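Structure data (compact mmCIF, C-alpha atoms) from data.txt:
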```
# COMPACT_ATOMS: atom_id res chain seq x y z
CA MET W 1196 93.70 74.14 83.31
CA LYS W 1197 91.75 71.24 84.86
CA VAL W 1198 93.21 67.82 84.09
CA ALA W 1199 91.33 64.64 85.00
CA ILE W 1200 93.51 61.57 85.63
CA LEU W 1201 91.67 58.28 85.29
CA ASP W 1202 92.21 55.98 88.26
CA TYR W 1203 92.16 52.27 87.37
CA THR W 1204 92.43 51.54 91.14
CA VAL W 1205 95.61 49.48 90.75
CA GLY W 1206 98.54 51.82 91.16
CA ASN W 1207 100.12 54.93 92.55
CA ILE W 1208 99.46 58.00 90.41
CA GLY W 1209 100.82 60.44 92.98
CA SER W 1210 103.97 61.30 91.01
CA LEU W 1211 101.87 62.14 87.95
CA ILE W 1212 99.57 64.39 89.98
CA SER W 1213 102.62 66.13 91.50
CA ALA W 1214 104.26 66.67 88.11
CA LEU W 1215 101.10 68.16 86.56
CA ARG W 1216 100.51 70.42 89.55
CA ARG W 1217 104.14 71.53 89.43
CA LEU W 1218 103.44 72.69 85.87
CA GLY W 1219 100.42 74.71 87.02
CA ALA W 1220 97.62 72.29 86.12
CA GLU W 1221 94.71 71.63 88.45
CA ALA W 1222 95.05 67.83 88.40
CA TYR W 1223 92.42 65.61 89.99
CA VAL W 1224 91.61 61.89 90.05
CA SER W 1225 88.51 60.46 88.40
CA LYS W 1226 87.06 56.97 88.21
CA GLY W 1227 85.10 58.11 85.14
CA GLU W 1228 83.01 60.81 86.80
CA GLY W 1229 83.61 64.55 86.55
CA LEU W 1230 85.11 64.40 83.06
CA ASP W 1231 82.76 67.09 81.75
CA ALA W 1232 84.54 69.64 83.98
CA ALA W 1233 88.01 68.66 82.72
CA ASP W 1234 89.88 70.62 80.06
CA ALA W 1235 92.05 67.56 79.34
CA VAL W 1236 92.15 63.87 80.29
CA VAL W 1237 95.14 61.67 81.16
CA LEU W 1238 95.04 57.88 81.01
CA PRO W 1239 97.92 56.88 83.32
CA GLY W 1240 100.33 54.02 83.00
CA VAL W 1241 99.69 51.59 85.82
CA GLY W 1242 97.48 48.51 85.67
CA THR W 1243 96.43 45.80 83.26
CA PHE W 1244 94.75 46.17 79.88
CA SER W 1245 91.67 44.14 80.89
CA VAL W 1246 90.88 46.26 83.96
CA ALA W 1247 91.79 49.58 82.38
CA SER W 1248 89.80 48.99 79.18
CA LYS W 1249 86.56 48.95 81.17
CA LEU W 1250 87.24 52.38 82.65
CA ALA W 1251 88.81 53.80 79.50
CA SER W 1252 85.52 53.36 77.66
CA ALA W 1253 84.24 56.28 79.80
CA VAL W 1254 86.47 58.65 77.80
CA ARG W 1255 85.29 57.48 74.37
CA ARG W 1256 82.64 60.19 74.08
CA TYR W 1257 85.26 62.90 74.72
CA VAL W 1258 87.55 61.87 71.85
CA GLY W 1259 87.99 64.90 69.63
CA SER W 1260 86.48 67.32 72.14
CA LYS W 1261 89.00 67.06 75.00
CA PRO W 1262 92.76 66.63 74.58
CA MET W 1263 93.97 63.26 75.88
CA LEU W 1264 97.33 61.94 76.95
CA GLY W 1265 97.88 58.21 77.37
CA ILE W 1266 100.92 57.14 79.41
CA CYS W 1267 102.31 53.59 79.07
CA LEU W 1268 99.19 51.43 79.54
CA GLY W 1269 97.15 54.55 78.77
CA MET W 1270 98.79 54.80 75.34
CA GLN W 1271 98.22 51.08 74.75
CA LEU W 1272 94.50 51.60 75.37
CA PHE W 1273 94.43 53.87 72.29
CA PHE W 1274 94.95 50.76 70.12
CA GLU W 1275 92.46 48.06 69.12
CA SER W 1276 93.37 45.20 71.47
CA SER W 1277 96.12 43.62 73.56
CA GLU W 1278 97.69 40.22 74.15
CA GLU W 1279 97.80 41.19 77.82
CA GLY W 1280 94.13 40.57 78.39
CA GLU W 1281 90.59 40.68 77.21
CA GLY W 1282 88.57 43.74 76.47
CA PRO W 1283 88.71 46.10 73.54
CA GLY W 1284 90.94 49.10 73.29
CA LEU W 1285 89.60 52.46 72.19
CA ALA W 1286 90.72 51.78 68.58
CA LEU W 1287 91.90 55.37 68.09
CA PHE W 1288 94.94 53.96 66.25
CA PRO W 1289 95.14 50.70 64.30
CA GLY W 1290 97.17 47.90 65.83
CA ARG W 1291 97.46 45.34 68.58
CA VAL W 1292 99.54 45.53 71.74
CA VAL W 1293 101.96 42.57 71.99
CA LYS W 1294 104.43 41.15 74.50
CA ILE W 1295 107.74 42.90 73.85
CA GLU W 1296 111.01 41.21 73.00
CA ALA W 1297 113.84 42.67 75.09
CA GLU W 1298 116.88 41.52 77.07
CA ARG W 1299 114.67 41.53 80.17
CA VAL W 1300 110.90 41.64 80.46
CA PRO W 1301 109.56 43.72 82.01
CA HIS W 1302 111.72 46.32 80.32
CA ILE W 1303 112.69 48.74 83.08
CA GLY W 1304 114.98 51.72 82.87
CA TRP W 1305 116.18 54.58 80.73
CA GLU W 1306 116.10 54.06 76.98
CA LEU W 1307 117.16 56.22 74.05
CA THR W 1308 113.99 57.34 72.32
CA ALA W 1309 113.99 58.67 68.74
CA ALA W 1310 111.42 61.28 67.75
CA THR W 1311 110.06 61.02 64.21
CA GLY W 1312 109.03 64.67 63.87
CA THR W 1313 105.36 63.75 63.47
CA CYS W 1314 104.26 66.07 66.29
CA ASP W 1315 105.67 68.45 68.88
CA LEU W 1316 105.16 66.25 71.95
CA ALA W 1317 108.60 64.72 72.52
CA GLU W 1318 112.15 65.26 71.32
CA SER W 1319 114.76 62.54 70.99
CA GLY W 1320 116.53 61.63 74.22
CA TYR W 1321 116.47 59.25 77.17
CA PHE W 1322 113.18 58.49 78.92
CA TYR W 1323 112.20 56.08 81.70
CA TYR W 1324 110.28 52.91 80.75
CA LEU W 1325 108.52 50.21 82.73
CA HIS W 1326 106.56 47.84 80.47
CA SER W 1327 106.14 44.29 79.26
CA TYR W 1328 103.87 45.07 76.32
CA GLY W 1329 104.09 47.47 73.41
CA VAL W 1330 103.13 48.18 69.82
CA GLU W 1331 105.56 47.21 67.08
CA ALA W 1332 106.63 50.30 65.15
CA LYS W 1333 106.03 50.16 61.45
CA GLY W 1334 106.48 53.81 60.53
CA ALA W 1335 102.76 54.59 60.69
CA PRO W 1336 101.75 58.26 60.30
CA TYR W 1337 100.67 58.42 63.97
CA GLU W 1338 104.10 57.27 65.23
CA ALA W 1339 105.76 60.25 66.94
CA ALA W 1340 108.73 58.37 68.50
CA TYR W 1341 110.16 54.86 68.76
CA ILE W 1342 112.65 52.75 70.72
CA ASN W 1343 114.80 49.87 69.56
CA LEU W 1344 114.86 46.83 71.82
CA ARG W 1345 115.17 43.53 69.99
CA ARG W 1346 112.56 45.05 67.70
CA ARG W 1347 111.39 48.58 67.04
CA TYR W 1348 108.46 49.65 69.23
CA VAL W 1349 106.25 52.72 69.27
CA ALA W 1350 107.35 55.15 72.01
CA ALA W 1351 104.88 57.96 71.26
CA VAL W 1352 101.79 58.53 69.14
CA CYS W 1353 99.74 61.53 68.17
CA ASP W 1354 96.70 62.64 66.26
CA GLN W 1355 96.92 66.40 66.65
CA GLY W 1356 93.64 66.93 64.80
CA LYS W 1357 91.77 65.01 67.50
CA GLY W 1358 94.05 66.11 70.34
CA ILE W 1359 95.20 62.55 71.11
CA TYR W 1360 98.76 62.02 72.39
CA GLY W 1361 100.39 58.97 73.92
CA VAL W 1362 103.77 57.93 75.27
CA GLN W 1363 104.98 54.45 76.22
CA PHE W 1364 107.51 55.88 78.68
CA HIS W 1365 106.70 57.53 82.01
CA PRO W 1366 107.20 61.30 81.68
CA GLU W 1367 106.50 61.82 85.38
CA ARG W 1368 109.61 59.70 86.11
CA SER W 1369 111.78 60.95 83.25
CA GLY W 1370 113.25 64.04 84.88
CA ARG W 1371 113.52 67.32 82.98
CA ARG W 1372 112.72 65.77 79.59
CA GLY W 1373 109.62 64.12 80.99
CA LEU W 1374 108.38 67.36 82.53
CA GLU W 1375 108.89 68.99 79.14
CA VAL W 1376 106.63 66.35 77.53
CA LEU W 1377 103.91 67.09 80.11
CA ARG W 1378 104.39 70.85 79.64
CA ARG W 1379 104.04 70.45 75.86
CA PHE W 1380 100.89 68.39 76.30
CA LEU W 1381 99.37 71.09 78.49
CA SER W 1382 100.38 73.72 75.94
CA LEU W 1383 98.89 71.72 73.05
CA ALA W 1384 95.74 71.14 75.12
CA LYS W 1385 95.30 74.90 75.65
CA ALA W 1386 95.67 75.68 71.95
```
Would you kindly transcribe this structure into structure tokens?
Amino acid sequence: MKVAILDYTVGNIGSLISALRRLGAEAYVSKGEGLDAADAVVLPGVGTFSVASKLASAVRRYVGSKPMLGICLGMQLFFESSEEGEGPGLALFPGRVVKIEAERVPHIGWELTAATGTCDLAESGYFYYLHSYGVEAKGAPYEAAYINLRRRYVAAVCDQGKGIYGVQFHPERSGRRGLEVLRRFLSLAKA
């Protein structure tokens, strides 16, 4: 399976490439080109909303035809807008990304994540987070998991009908559980 990883040019995506290749995917980096050849697209989790939203618009035409996984910032791009910067999101889910309320911001480290049962992407357990922004969880039908900081925030989203999946945590840095999330995405993408 060929998986294109969008490169926003502002971070290291090497661990994500390694994790996908370890699971048997043919992962490659794209700055928006070569997406036609991909079986699935990953929007990674490093960068700022303003910069990433410009590149993310390149995937808009593939929504519904290619499975997509958004990681951290990549998941945030699935929403309408962000307090972090200018530029529209992809508006695949309703909502605005806001500055999180936590003991420390950025919120870094392992956090207990509760699956809602909405889709088969992630189970409840501990996952690794690194973020300052998030989407407040309100029990929406797309909410597949959440975390409790000072407020409840969306930890995963899905629209299985369109093949859209997102996680606020970093599966490539979340050990065995994280690899399982990536494996499940690849499995859902093949279906």
Neighbour list for W:Gly1209 as number ranges by chain, cut-off 12 Å, all atoms listed in the file, skip fewer than 3 positions in-chain:
W: 1200, 1202, 1206, 1212-1216, 1222-1224, 1239-1241, 1367-1368
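Atom to atom, atom CA of W:Trp1305 and atom CA of W:Leu1325 stand 9.0 Å apart.
In this structure, atom CA of W:Cys1314 sits 24.1 Å away from atom CA of W:Ser1276.
Nearest-residue note for W:Ala1297: choosing from W:Ser1245, W:Ser1382, W:Asn1207, W:Ser1327, the minimum distance belongs to W:Ser1327, counting all atoms listed in the file.
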Mind giving me the straight-line distance from atom CA of W:Thr1243 to atom CA of W:Thr1311 in Å, one decimal?
27.9 Å
Rank W:Ser1319, W:Ser1277, W:Ser1210, W:Asn1343 by their smallest atom-to-atom distance to W:Glu1296, using only C-alpha atoms, and report the top residue only.
W:Asn1343
Produce the centre coordinates and the three edge lengths, each in Å to one decimal, of the box along x, y and z that contains all listed atoms of stretch 1285-1293 of chain W with 8 Å added on each side, as lines of an AutoDock Vina configuration file.
```
center_x = 95.8
center_y = 49.0
center_z = 68.2
size_x = 28.4
size_y = 28.8
size_z = 23.9
```
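Compared by their closest atoms to W:Ser1369, and using only C-alpha atoms, the residues W:Leu1238, W:Val1246, W:Met1196, W:Leu1211 rank with W:Leu1211 nearest.
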Quick one: residues within 12 Å of W:Ala1340, all atoms listed in the file counted, chain neighbours fewer than 4 positions away excluded, as a ChimeraX atom specification?
/W:1307-1322,1330-1336,1347-1353,1360-1364
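Closest approach to W:Glu1298 among W:Val1258, W:Val1198, W:Leu1344, W:Ala1235 is made by W:Leu1344 (distances from all atoms listed in the file).
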Could you model N, CA and C atoms for stretch 1230-1257 of chain W and present them as an mmCIF file, in the frame of the given file?
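Wrote selection_33.cif, looks like this:
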```cif
data_model
loop_
_atom_site.group_PDB
_atom_site.id
_atom_site.type_symbol
_atom_site.label_atom_id
_atom_site.label_comp_id
_atom_site.auth_asym_id
_atom_site.auth_seq_id
_atom_site.Cartn_x
_atom_site.Cartn_y
_atom_site.Cartn_z
ATOM 1 N N LEU W 1230 84.312 64.125 84.255
ATOM 2 C CA LEU W 1230 85.110 64.400 83.060
ATOM 3 C C LEU W 1230 84.588 65.600 82.285
ATOM 4 N N ASP W 1231 83.309 65.915 82.441
ATOM 5 C CA ASP W 1231 82.760 67.090 81.750
ATOM 6 C C ASP W 1231 83.472 68.365 82.182
ATOM 7 N N ALA W 1232 83.885 68.435 83.443
ATOM 8 C CA ALA W 1232 84.540 69.640 83.980
ATOM 9 C C ALA W 1232 86.003 69.741 83.583
ATOM 10 N N ALA W 1233 86.579 68.675 83.064
ATOM 11 C CA ALA W 1233 88.010 68.660 82.720
ATOM 12 C C ALA W 1233 88.267 69.370 81.392
ATOM 13 N N ASP W 1234 89.414 70.039 81.323
ATOM 14 C CA ASP W 1234 89.880 70.620 80.060
ATOM 15 C C ASP W 1234 90.668 69.595 79.260
ATOM 16 N N ALA W 1235 91.256 68.615 79.964
ATOM 17 C CA ALA W 1235 92.050 67.560 79.340
ATOM 18 C C ALA W 1235 91.957 66.309 80.205
ATOM 19 N N VAL W 1236 92.241 65.153 79.595
ATOM 20 C CA VAL W 1236 92.150 63.870 80.290
ATOM 21 C C VAL W 1236 93.458 63.118 80.121
ATOM 22 N N VAL W 1237 93.937 62.499 81.214
ATOM 23 C CA VAL W 1237 95.140 61.670 81.160
ATOM 24 C C VAL W 1237 94.769 60.246 81.547
ATOM 25 N N LEU W 1238 95.167 59.305 80.713
ATOM 26 C CA LEU W 1238 95.040 57.880 81.010
ATOM 27 C C LEU W 1238 96.417 57.430 81.478
ATOM 28 N N PRO W 1239 96.583 57.165 82.775
ATOM 29 C CA PRO W 1239 97.920 56.880 83.320
ATOM 30 C C PRO W 1239 98.425 55.489 82.967
ATOM 31 N N GLY W 1240 99.631 55.201 83.444
ATOM 32 C CA GLY W 1240 100.330 54.020 83.000
ATOM 33 C C GLY W 1240 100.492 52.900 83.979
ATOM 34 N N VAL W 1241 99.552 52.686 84.860
ATOM 35 C CA VAL W 1241 99.690 51.590 85.820
ATOM 36 C C VAL W 1241 98.440 50.740 85.762
ATOM 37 N N GLY W 1242 98.625 49.406 85.669
ATOM 38 C CA GLY W 1242 97.480 48.510 85.670
ATOM 39 C C GLY W 1242 97.593 47.471 84.578
ATOM 40 N N THR W 1243 96.474 46.809 84.312
ATOM 41 C CA THR W 1243 96.430 45.800 83.260
ATOM 42 C C THR W 1243 95.409 46.233 82.210
ATOM 43 N N PHE W 1244 95.604 45.779 80.998
ATOM 44 C CA PHE W 1244 94.750 46.170 79.880
ATOM 45 C C PHE W 1244 93.294 45.797 80.151
ATOM 46 N N SER W 1245 93.049 44.595 80.660
ATOM 47 C CA SER W 1245 91.670 44.140 80.890
ATOM 48 C C SER W 1245 90.920 45.060 81.836
ATOM 49 N N VAL W 1246 91.537 45.395 82.966
ATOM 50 C CA VAL W 1246 90.880 46.260 83.960
ATOM 51 C C VAL W 1246 90.734 47.669 83.418
ATOM 52 N N ALA W 1247 91.791 48.198 82.841
ATOM 53 C CA ALA W 1247 91.790 49.580 82.380
ATOM 54 C C ALA W 1247 90.836 49.797 81.211
ATOM 55 N N SER W 1248 90.664 48.787 80.345
ATOM 56 C CA SER W 1248 89.800 48.990 79.180
ATOM 57 C C SER W 1248 88.366 49.259 79.577
ATOM 58 N N LYS W 1249 87.929 48.710 80.698
ATOM 59 C CA LYS W 1249 86.560 48.950 81.170
ATOM 60 C C LYS W 1249 86.370 50.418 81.541
ATOM 61 N N LEU W 1250 87.342 50.981 82.243
ATOM 62 C CA LEU W 1250 87.240 52.380 82.650
ATOM 63 C C LEU W 1250 87.524 53.317 81.487
ATOM 64 N N ALA W 1251 88.436 52.937 80.619
ATOM 65 C CA ALA W 1251 88.810 53.800 79.500
ATOM 66 C C ALA W 1251 87.625 54.071 78.581
ATOM 67 N N SER W 1252 86.681 53.147 78.531
ATOM 68 C CA SER W 1252 85.520 53.360 77.660
ATOM 69 C C SER W 1252 84.743 54.614 78.073
ATOM 70 N N ALA W 1253 84.912 55.062 79.324
ATOM 71 C CA ALA W 1253 84.240 56.280 79.800
ATOM 72 C C ALA W 1253 84.728 57.521 79.062
ATOM 73 N N VAL W 1254 85.932 57.474 78.492
ATOM 74 C CA VAL W 1254 86.470 58.650 77.800
ATOM 75 C C VAL W 1254 86.113 58.665 76.325
ATOM 76 N N ARG W 1255 85.565 57.591 75.809
ATOM 77 C CA ARG W 1255 85.290 57.480 74.370
ATOM 78 C C ARG W 1255 84.482 58.669 73.836
ATOM 79 N N ARG W 1256 83.503 59.108 74.579
ATOM 80 C CA ARG W 1256 82.640 60.190 74.080
ATOM 81 C C ARG W 1256 83.357 61.548 74.053
ATOM 82 N N TYR W 1257 84.520 61.636 74.692
ATOM 83 C CA TYR W 1257 85.260 62.900 74.720
ATOM 84 C C TYR W 1257 86.343 62.976 73.644
#
```
